[in-house]
Amino acid sequence: MWSFSKISKLIDSWLSVHFSSTWTMVIEMVIAGIAVITLFALLGLVLVLMERRVAAWIQIRLGPNRVGPGGMLQSLADTLKLLVKEGMTPDGADKFLFNLAPFIAMIVAMLLMAPIAFASDFQLWNLNIGVLYVTAISSLMVISILMAGWASNNKYSLMGAMRSGAQIVSYELSAGLSIMSIVVLSGSLNLNEIILSQADGWWIFKGHIPVVIAFIIFIIAVTAETNRAPFDLAEAESELTAGFHTEYSGMKFALFFLAEYINVFIVCAIGATLFLGGWMPLHIGHWQAFNHVMDFIPSSIWFFGKTFFLIFLIMWFRWTFPRLRIDQLLDLEWKYLLPISIFNILLITLMAILGWHF
Amino acid sequence: MFILKYIKEVFSGLQSLAVGLRRTLYYFSHHKEIITQQYPDNRDTLVFPDRFKGEVVMVHDDNNEHACTGCTACELACPNATIKIITKFDITPEGKKKKAIDKFVYHLELCTMCNLCVVACPTDAIKMAQTFEHSVFNRAELTKVLNKPDSKIREGVE
Amino acid sequence: MVEEIGSTAAGDIIINVGPQHPATHGVLHLVITINGETIQKVEPHLGYIHRSIEKMCESLTYRQFIYVTSRMDYLSSHINNHACALCVEKGLQIEVPSRAQVIRVLMDELTRIASHELWWGAMAMDLGAFTPFFHAFREREAINDIMEETCGARLTMNYMVPGGVMQDIHPNFQRRVKEFIALFKSKVNEYNELVTGNIIFQNRMKGVGNLSAADAISFGCTGPTARGSGVSCDIRKLYPYEIYETLNFEEILETGGDSFARYMVRVREMSQSISIIEQLIDNIPEGDFQAKTKAVLKLPKGEFYQRVETARGEFGVYMVSEGGTTPYRIKYRSPGFSNLSALDHMARGSKLGDLVAMMGTLDLVIPDIDR
């Protein structure tokens, strides 16, 4: 049975036979970079199509069905359209920052890709502080949004950026705390080790109700962190036209758009890794036969399946709920999510110390 | 109690959200509820109600005869000057002069489909057709002459 | 940077919301002064879709001018046409056959439901939920199909003529309306599930956009906007026209005065309209659908006024006749204009996001405001 790790090992051994170790390193890095960019493009296309399909079915419509078989090429056509569009820079804008902002958004999204384990033994960078790295880098996202809003010299953009700043900074707290609850339980910051600690059952099953609460808070918080409805105040098209990317067009807009979807993918991947066991197949305690059957499904399918399930959850929220107001958004965080998650992490710590989980 | 009220609030809030989520999940999973009509594809099966007001046409029978006497009642009834009737004088076999229409000019681009001309017509010479795809590249094509070439008034219509 | 007009306090910024803005449902232009997220002042600028309909009507005959009024409040075009037809009938002193009266009321109420359906979807969309819009259109589509079958058009029907209605109802009409009632009743619970009961929605609506009863009266608000503040102003009850006095329905009143009260008035009004339709649909009397009128209508010299309750409030037609075939002067009192004037009062001190919600609950139709 083929797997990602076997392919990567094959390439590695082939390269080390033919090149010196330095060149092997360089070539492998280039290959990894190209792979990440390809994955980006693919994910963008797939996620945009998926969002449109989900939205359409929820809204009793058909969705894209004209370009390609069953509308499969719709997002490709959209990308082509955006590519040939003029990338305008407004006159009064701070040109350097204005053009830099979408790239920062992309770079942040790319950096976040590094420690994610896509399949068993297939990871760009097995970082021993992976969780810390992810939380640290993901907070850089707000800089690109603030930069875009400020440099656009547009009042709508500025308001969107300011809203987004307040929002992301607040929601990082409860997202961080719910991530911490898993770190407490598994006793490691390494994403791979966290996955391995779930070999006898995912944390969401092993951790009783406190982990379920942490999971719900995590989903709410990351929805807010990625500026998705019902927390899409930074864009809020009925209030701020398009918020921080009002003035962007063409490929620069597409980069923001892509970065949003990539961020959704990454936070869902993190959520799947922490709570649903990443690439770990569904294992139940000592049911050897059952666990063995589950192992036949490739680990990458487990990972992507779980991630896409979480992405569907977030899309489902988006097409069901109305948007919150800015003060209610902050109320929700500071008055509800944060106290609950503080109480929750205390409970989980107690659980971890006393060994109450399975 | 404060804590109890707080917890109750959180749960009732979550419940109200869950109700909405259940409804949208129902539509997500039940594709038979989809109501989209794929318009250009279903053109052949598209049925319009017989009263649909799409365009004014003049009714001609098989002998290329219509019922318009050229009385200009429709022209007077029209609020937008959509209809212009140009009359001529025919010579009847008995040698008498008789007023008849030369051209029944209809400006589709001005028409608001208010149906007043059809109601005003004393001889039911015009009616509303169910066509609706009126877009053309040249505006002049929207100015139509409704009486067919060489058509004449039906016998007995006064 | 363009110099900002008017004096503003430190920290205040002026934003032009519209005329091209997704939340203004058309070409409404609001100049708002905000401090952070808090609204200091809202100044509506009108006239972007002014077509001088009143002047246009003065050059058309009494039969012709009615169709133009469909283009004012296009969502309740039947009711606008109805007001004009009633005004002309008042001048001519025509007795409208009872069949025509029942048909007119049925059409009015169907239009009211269709208008509220659209409002409901657009309202939810203003708050950032897209899905209700499509769900609302499913029911609205059923009404549009009924209209298409009987009146021949879906939006600007021009079905009301002086003396009655233009054509008799379609043979399928009763069956289709009953089907629609069944459809509506099966789906109305979804509205509560998706929007009304939603905690986010309730928090967005409750306690914002407060309008006291006294303010509602002094701003001249009518319709659901005023009834949300507890002002009884339903023309169908207070100055009944056609057969409304014989019907059994209730004037919806909410006393909250906030956005949620206005929302609830409209949602409950839909059910009231359904009950009116249910009372009438099996009891359409036989007879003429149109009274006999002269070919050329001439109103006697004088002034005539007729008001009706549209989906948005009180719509009035004031008509001066000099005895000719065209009106000498026509003035329309449109509900949207007065309702919009209360926006500044309601919005001051609230957040930017709430402004959109308030505009949603006012149910603005811009051509109705500008005319």
# chains A, B, ... in the order shown; residues from 1 in each chain; ligands from 1
>>> residues_around(residues="region 95-102 of chain B", least_positions_apart="5", cutoff="12 Å", atoms="only C-alpha atoms", output="list in words")
His66, Ala67, Cys68, Thr69, Gly70, Cys71, Thr72, Lys84, Ile85, Ile86, Thr87, Lys88, Phe89, Asp90, Ala125, Val145, Leu146, Asn147, Lys148, Pro149, Asp150, Ser151, Lys152, Ile153, Arg154, Val157 and Glu158 of chain B
>>> closest_atom_pairs(of="chain A", to="chain B", cutoff="9 Å", atoms="only C-alpha atoms", output="JSON lines")
{"residue": "A:Val54", "atom": "CA", "partner": "B:Phe28", "partner_atom": "CA", "distance": 7.0}
{"residue": "A:Ala55", "atom": "CA", "partner": "B:Phe28", "partner_atom": "CA", "distance": 8.4}
{"residue": "A:Ala56", "atom": "CA", "partner": "B:Phe28", "partner_atom": "CA", "distance": 8.3}
{"residue": "A:Trp57", "atom": "CA", "partner": "B:Phe28", "partner_atom": "CA", "distance": 4.8}
{"residue": "A:Ile58", "atom": "CA", "partner": "B:Phe28", "partner_atom": "CA", "distance": 4.5}
{"residue": "A:Gln59", "atom": "CA", "partner": "B:Tyr27", "partner_atom": "CA", "distance": 7.3}
{"residue": "A:Ile60", "atom": "CA", "partner": "B:Ile34", "partner_atom": "CA", "distance": 4.4}
{"residue": "A:Arg61", "atom": "CA", "partner": "B:Ile34", "partner_atom": "CA", "distance": 5.4}
{"residue": "A:Leu62", "atom": "CA", "partner": "B:Thr36", "partner_atom": "CA", "distance": 6.4}
{"residue": "A:Trp316", "atom": "CA", "partner": "B:Leu21", "partner_atom": "CA", "distance": 7.5}
{"residue": "A:Phe317", "atom": "CA", "partner": "B:Leu21", "partner_atom": "CA", "distance": 7.3}
{"residue": "A:Trp319", "atom": "CA", "partner": "B:Thr24", "partner_atom": "CA", "distance": 8.0}
{"residue": "A:Thr320", "atom": "CA", "partner": "B:Leu21", "partner_atom": "CA", "distance": 6.3}
{"residue": "A:Phe321", "atom": "CA", "partner": "B:Gly20", "partner_atom": "CA", "distance": 7.7}
{"residue": "A:Tyr336", "atom": "CA", "partner": "B:Val10", "partner_atom": "CA", "distance": 8.1}
>>> interface_residues(of="chain C", to="chain A", cutoff="10 Å", atoms="only C-alpha atoms", output="PyMOL selection string")
chain C and resi 1+13-18+20-25+36-37+124-135+138+194-195+198-201+203-204+351-357
>>> write_last_selection(atoms="N, CA and C atoms", output="compact mmCIF listing (two decimals), in the first residue's frame")
# COMPACT_ATOMS: atom_id res chain seq x y z
N MET C 1 -7.05 64.12 -0.11
CA MET C 1 -8.31 63.80 0.61
C MET C 1 -9.34 64.90 0.37
N ILE C 13 -15.94 60.87 12.37
CA ILE C 13 -15.70 60.80 10.93
C ILE C 13 -17.03 60.68 10.19
N ILE C 14 -17.02 61.19 8.97
CA ILE C 14 -18.23 61.17 8.16
C ILE C 14 -18.09 60.07 7.12
N ILE C 15 -19.10 59.24 7.02
CA ILE C 15 -19.06 58.17 6.03
C ILE C 15 -20.29 58.29 5.15
N ASN C 16 -20.09 58.14 3.88
CA ASN C 16 -21.21 58.08 2.96
C ASN C 16 -21.65 56.64 2.83
N VAL C 17 -22.82 56.34 3.34
CA VAL C 17 -23.37 55.00 3.14
C VAL C 17 -24.32 55.11 1.95
N GLY C 18 -23.93 54.55 0.87
CA GLY C 18 -24.71 54.69 -0.34
C GLY C 18 -24.21 55.84 -1.17
N GLN C 20 -24.41 53.70 -3.49
CA GLN C 20 -24.12 52.33 -3.92
C GLN C 20 -23.60 51.57 -2.72
N HIS C 21 -24.48 50.98 -1.98
CA HIS C 21 -24.07 50.25 -0.78
C HIS C 21 -24.99 49.05 -0.63
N PRO C 22 -24.44 47.91 -0.27
CA PRO C 22 -25.28 46.70 -0.24
C PRO C 22 -26.45 46.77 0.74
N ALA C 23 -26.35 47.60 1.76
CA ALA C 23 -27.39 47.57 2.79
C ALA C 23 -28.51 48.55 2.54
N THR C 24 -28.36 49.45 1.57
CA THR C 24 -29.40 50.46 1.41
C THR C 24 -30.47 50.04 0.41
N HIS C 25 -30.40 48.81 -0.09
CA HIS C 25 -31.45 48.27 -0.95
C HIS C 25 -31.84 49.20 -2.07
N GLY C 36 -15.94 56.32 16.32
CA GLY C 36 -15.66 54.90 16.51
C GLY C 36 -16.75 54.11 15.82
N GLU C 37 -17.46 53.31 16.59
CA GLU C 37 -18.57 52.56 16.00
C GLU C 37 -19.91 53.23 16.30
N ALA C 124 -33.05 39.64 7.14
CA ALA C 124 -32.06 38.68 7.64
C ALA C 124 -30.74 38.88 6.91
N MET C 125 -30.81 39.24 5.64
CA MET C 125 -29.59 39.44 4.88
C MET C 125 -28.83 40.67 5.39
N ASP C 126 -29.58 41.69 5.80
CA ASP C 126 -28.92 42.85 6.38
C ASP C 126 -28.14 42.47 7.62
N LEU C 127 -28.64 41.48 8.34
CA LEU C 127 -27.96 41.05 9.55
C LEU C 127 -26.91 40.01 9.26
N GLY C 128 -26.70 39.68 8.01
CA GLY C 128 -25.60 38.79 7.67
C GLY C 128 -25.98 37.35 7.46
N ALA C 129 -27.26 37.01 7.54
CA ALA C 129 -27.68 35.63 7.26
C ALA C 129 -28.27 35.58 5.86
N PHE C 130 -27.66 34.79 5.00
CA PHE C 130 -28.09 34.80 3.61
C PHE C 130 -29.22 33.82 3.34
N THR C 131 -29.19 32.73 4.06
CA THR C 131 -30.10 31.64 3.74
C THR C 131 -31.58 32.03 3.82
N PRO C 132 -32.04 32.77 4.83
CA PRO C 132 -33.47 33.08 4.89
C PRO C 132 -33.99 33.78 3.64
N PHE C 133 -33.12 34.53 2.98
CA PHE C 133 -33.56 35.24 1.78
C PHE C 133 -34.08 34.27 0.73
N PHE C 134 -33.32 33.19 0.53
CA PHE C 134 -33.73 32.23 -0.49
C PHE C 134 -34.96 31.46 -0.05
N HIS C 135 -35.03 31.19 1.25
CA HIS C 135 -36.20 30.46 1.74
C HIS C 135 -37.46 31.32 1.62
N ARG C 138 -38.93 31.35 -1.86
CA ARG C 138 -39.69 30.17 -2.28
C ARG C 138 -41.18 30.42 -2.11
N LEU C 194 -35.28 29.60 11.98
CA LEU C 194 -34.07 30.15 11.36
C LEU C 194 -33.72 31.52 11.91
N VAL C 195 -34.74 32.36 12.12
CA VAL C 195 -34.43 33.75 12.45
C VAL C 195 -35.00 34.18 13.79
N ASN C 198 -33.58 32.71 17.00
CA ASN C 198 -32.13 32.67 17.07
C ASN C 198 -31.61 33.69 18.08
N ILE C 199 -30.73 33.24 18.96
CA ILE C 199 -30.26 34.10 20.05
C ILE C 199 -29.46 35.28 19.50
N ILE C 200 -28.69 35.03 18.45
CA ILE C 200 -27.90 36.12 17.86
C ILE C 200 -28.83 37.18 17.31
N PHE C 201 -29.86 36.70 16.61
CA PHE C 201 -30.81 37.63 16.00
C PHE C 201 -31.52 38.44 17.07
N ASN C 203 -30.56 39.17 20.07
CA ASN C 203 -29.68 40.15 20.67
C ASN C 203 -29.44 41.34 19.76
N ARG C 204 -29.41 41.08 18.46
CA ARG C 204 -29.22 42.18 17.52
C ARG C 204 -30.42 43.10 17.46
N LYS C 351 -24.85 51.44 17.46
CA LYS C 351 -23.67 51.03 16.70
C LYS C 351 -23.97 51.00 15.20
N LEU C 352 -22.87 51.00 14.44
CA LEU C 352 -23.01 51.02 12.98
C LEU C 352 -23.79 49.81 12.48
N GLY C 353 -23.52 48.66 13.08
CA GLY C 353 -24.22 47.45 12.65
C GLY C 353 -25.71 47.55 12.88
N ASP C 354 -26.10 48.29 13.92
CA ASP C 354 -27.52 48.41 14.21
C ASP C 354 -28.24 49.32 13.22
N LEU C 355 -27.50 50.25 12.65
CA LEU C 355 -28.13 51.13 11.66
C LEU C 355 -28.71 50.29 10.53
N VAL C 356 -27.93 49.29 10.12
CA VAL C 356 -28.39 48.42 9.04
C VAL C 356 -29.64 47.66 9.47
N ALA C 357 -29.63 47.19 10.74
CA ALA C 357 -30.79 46.47 11.25
C ALA C 357 -32.01 47.36 11.29
>>> closest_atom_pairs(of="chain B", to="chain C", cutoff="7 Å", atoms="only C-alpha atoms", output="Markdown table")
| residue | atom | partner | partner_atom | distance |
| --- | --- | --- | --- | --- |
| B:Gly13 | CA | C:Ile199 | CA | 5.4 |
| B:Ser16 | CA | C:Asn198 | CA | 5.2 |
| B:Leu17 | CA | C:Asn198 | CA | 5.8 |
| B:Val19 | CA | C:Glu193 | CA | 5.9 |
| B:Gly20 | CA | C:Leu194 | CA | 4.7 |
| B:Pro49 | CA | C:Glu149 | CA | 5.2 |
| B:Arg51 | CA | C:Gly152 | CA | 4.7 |
| B:Phe52 | CA | C:Gly152 | CA | 3.9 |
| B:Lys53 | CA | C:Gly152 | CA | 5.2 |
| B:Pro79 | CA | C:Gln64 | CA | 5.5 |
| B:Cys114 | CA | C:Asn158 | CA | 5.8 |
>>> residues_around(residues="Thr24 (chain A)", least_positions_apart="5", cutoff="10 Å", atoms="only C-alpha atoms", output="list in words")
Ile11, Asp12, Ser13, Trp14, Leu15, Ser16, Val17, His18, Phe19, Met29 and Val30 of chain A
>>> residues_around(residues="Gln272 (chain C)", least_positions_apart="2", cutoff="10 Å", atoms="only C-alpha atoms", output="list in words")
Glu109, Ile113, Asn248, Phe249, Glu250, Glu251, Ile252, Arg266, Val267, Arg268, Glu269, Met270, Ile274, Ser275, Ile276, Ile277 and Glu278 of chain C
>>> write_last_selection(atoms="N, CA and C atoms", output="short mmCIF file (atom, residue, chain, number, x, y, z; two decimals), in the first residue's frame")
data_model
loop_
_atom_site.label_atom_id
_atom_site.label_comp_id
_atom_site.auth_asym_id
_atom_site.auth_seq_id
_atom_site.Cartn_x
_atom_site.Cartn_y
_atom_site.Cartn_z
N GLU C 109 -54.06 41.48 0.02
CA GLU C 109 -53.47 40.72 1.11
C GLU C 109 -52.37 39.79 0.61
N ILE C 113 -48.47 39.86 1.87
CA ILE C 113 -47.65 38.72 2.29
C ILE C 113 -46.37 38.68 1.46
N ASN C 248 -63.01 39.77 9.67
CA ASN C 248 -62.60 39.51 11.05
C ASN C 248 -61.09 39.36 11.08
N PHE C 249 -60.42 40.42 11.43
CA PHE C 249 -58.98 40.34 11.59
C PHE C 249 -58.56 41.30 12.68
N GLU C 250 -57.32 41.14 13.07
CA GLU C 250 -56.87 41.89 14.24
C GLU C 250 -55.73 42.79 13.82
N GLU C 251 -55.73 43.99 14.38
CA GLU C 251 -54.62 44.90 14.10
C GLU C 251 -53.47 44.54 15.01
N ILE C 252 -52.33 44.23 14.38
CA ILE C 252 -51.19 43.77 15.18
C ILE C 252 -50.55 44.97 15.87
N ARG C 266 -44.49 42.65 11.65
CA ARG C 266 -44.57 42.21 10.25
C ARG C 266 -44.77 40.70 10.16
N VAL C 267 -44.04 39.96 11.00
CA VAL C 267 -44.18 38.51 10.93
C VAL C 267 -45.60 38.10 11.29
N ARG C 268 -46.17 38.74 12.32
CA ARG C 268 -47.52 38.37 12.72
C ARG C 268 -48.55 38.85 11.70
N GLU C 269 -48.23 39.96 11.02
CA GLU C 269 -49.16 40.45 9.99
C GLU C 269 -49.34 39.45 8.86
N MET C 270 -48.28 38.72 8.57
CA MET C 270 -48.40 37.73 7.50
C MET C 270 -49.49 36.73 7.86
N ILE C 274 -53.08 35.91 5.99
CA ILE C 274 -53.50 34.56 5.63
C ILE C 274 -54.92 34.33 6.13
N SER C 275 -55.22 34.79 7.34
CA SER C 275 -56.56 34.54 7.86
C SER C 275 -57.60 35.32 7.07
N ILE C 276 -57.26 36.54 6.63
CA ILE C 276 -58.19 37.30 5.79
C ILE C 276 -58.46 36.54 4.49
N ILE C 277 -57.37 36.02 3.90
CA ILE C 277 -57.52 35.30 2.63
C ILE C 277 -58.39 34.07 2.84
N GLU C 278 -58.17 33.39 3.96
CA GLU C 278 -58.97 32.19 4.24
C GLU C 278 -60.45 32.52 4.38
#
>>> select_by_dssp(residues="region 71-140 of chain B", states="strand (DSSP E)", output="count of residues only")
24
>>> residues_around(residues="Lys252 (chain A)", least_positions_apart="2", cutoff="8 Å", atoms="only C-alpha atoms", output="number ranges by chain")
A: 87, 99, 102, 248-250, 254-256
>>> write_last_selection(atoms="C-alpha atoms", output="PDB file, in the first residue's frame")
ATOM      1  CA  GLY A  87      -4.967  45.027  -9.742  1.00  0.00           C
ATOM      2  CA  ASN A  99       0.646  45.853  -1.926  1.00  0.00           C
ATOM      3  CA  PRO A 102      -1.971  40.354   0.790  1.00  0.00           C
ATOM      4  CA  TYR A 248      -8.516  45.346  -3.363  1.00  0.00           C
ATOM      5  CA  SER A 249      -9.127  43.886  -6.766  1.00  0.00           C
ATOM      6  CA  GLY A 250      -7.729  41.283  -9.077  1.00  0.00           C
ATOM      7  CA  ALA A 254      -7.660  36.706  -4.631  1.00  0.00           C
ATOM      8  CA  LEU A 255      -4.703  36.335  -2.291  1.00  0.00           C
ATOM      9  CA  PHE A 256      -6.795  37.577   0.633  1.00  0.00           C
TER      10      PHE A 256
END
>>> closest_residue(among="C:Tyr328, C:Phe289, C:Phe180, C:Tyr263", to="Asp168 (chain C)", atoms="only C-alpha atoms")
C:Phe289
>>> atom_distance(atom1="CA of Ala352 (chain A)", atom2="CA of Ile219 (chain A)")
22.3 Å
>>> select_by_dssp(residues="region 210-241 of chain C", states="helix (DSSP H, G or I)", output="list in words")
Ala213, Ala214, Asp215, Ala216, Ile217, Ser218, Gly223, Pro224, Thr225, Ala226, Arg227, Ile235, Arg236, Lys237 and Leu238 of chain C
>>> write_last_selection(atoms="C-alpha atoms", output="tab-separated table (two decimals), in the first residue's frame")
chain	number	residue	atom	x	y	z
C	213	ALA	CA	-45.16	56.09	20.52
C	214	ALA	CA	-45.02	59.89	20.80
C	215	ASP	CA	-42.01	60.03	18.48
C	216	ALA	CA	-43.62	57.67	16.03
C	217	ILE	CA	-46.62	59.98	15.81
C	218	SER	CA	-44.56	63.15	15.56
C	223	GLY	CA	-47.74	50.99	9.18
C	224	PRO	CA	-45.75	48.32	10.98
C	225	THR	CA	-43.14	50.90	11.96
C	226	ALA	CA	-45.65	52.80	14.09
C	227	ARG	CA	-47.54	49.72	15.21
C	235	ILE	CA	-56.14	52.20	7.89
C	236	ARG	CA	-58.00	48.95	7.29
C	237	LYS	CA	-59.41	49.26	10.81
C	238	LEU	CA	-59.57	53.02	11.34
>>> closest_residue(among="C:Phe173, C:Tyr332, C:Phe219, C:Trp120", to="Ile53 (chain C)", atoms="only C-alpha atoms")
C:Tyr332
>>> closest_residue(among="C:His116, C:His45, C:Lys187, C:Lys301", to="Leu340 (chain C)", atoms="only C-alpha atoms")
C:His45
>>> atom_distance(atom1="CA of Pro285 (chain C)", atom2="CA of Gln93 (chain C)")
21.7 Å
>>> residues_around(residues="region 136-150 of chain A", least_positions_apart="6", cutoff="8 Å", atoms="only C-alpha atoms", output="list in words")
Leu97, Phe98, Ala101, Pro102, Ile104, Ala105, Val108, Ala109, Leu111, Leu112, Ser157, Leu158, Met159, Gly160, Ala161, Met162, Ser164, Gly165, Ile168, Val169, Glu172, Gly243, Phe244 and His245 of chain A
>>> atom_distance(atom1="CA of Pro122 (chain B)", atom2="CA of Cys74 (chain B)")
9.1 Å
>>> residues_around(residues="Tyr106 (chain B)", least_positions_apart="4", cutoff="6 Å", atoms="only C-alpha atoms", output="CSV table (one decimal) with N, CA and C atoms, in the first residue's frame")
chain,number,residue,atom,x,y,z
B,82,THR,N,-46.9,54.1,-27.1
B,82,THR,CA,-46.3,52.9,-27.6
B,82,THR,C,-46.8,52.6,-29.0
B,83,ILE,N,-48.1,52.9,-29.2
B,83,ILE,CA,-48.8,52.5,-30.4
B,83,ILE,C,-49.0,53.7,-31.3
B,143,THR,N,-39.0,48.2,-32.7
B,143,THR,CA,-40.1,48.9,-33.3
B,143,THR,C,-40.7,48.0,-34.3
B,144,LYS,N,-42.0,47.5,-34.1
B,144,LYS,CA,-42.5,46.5,-34.9
B,144,LYS,C,-43.8,47.0,-35.6
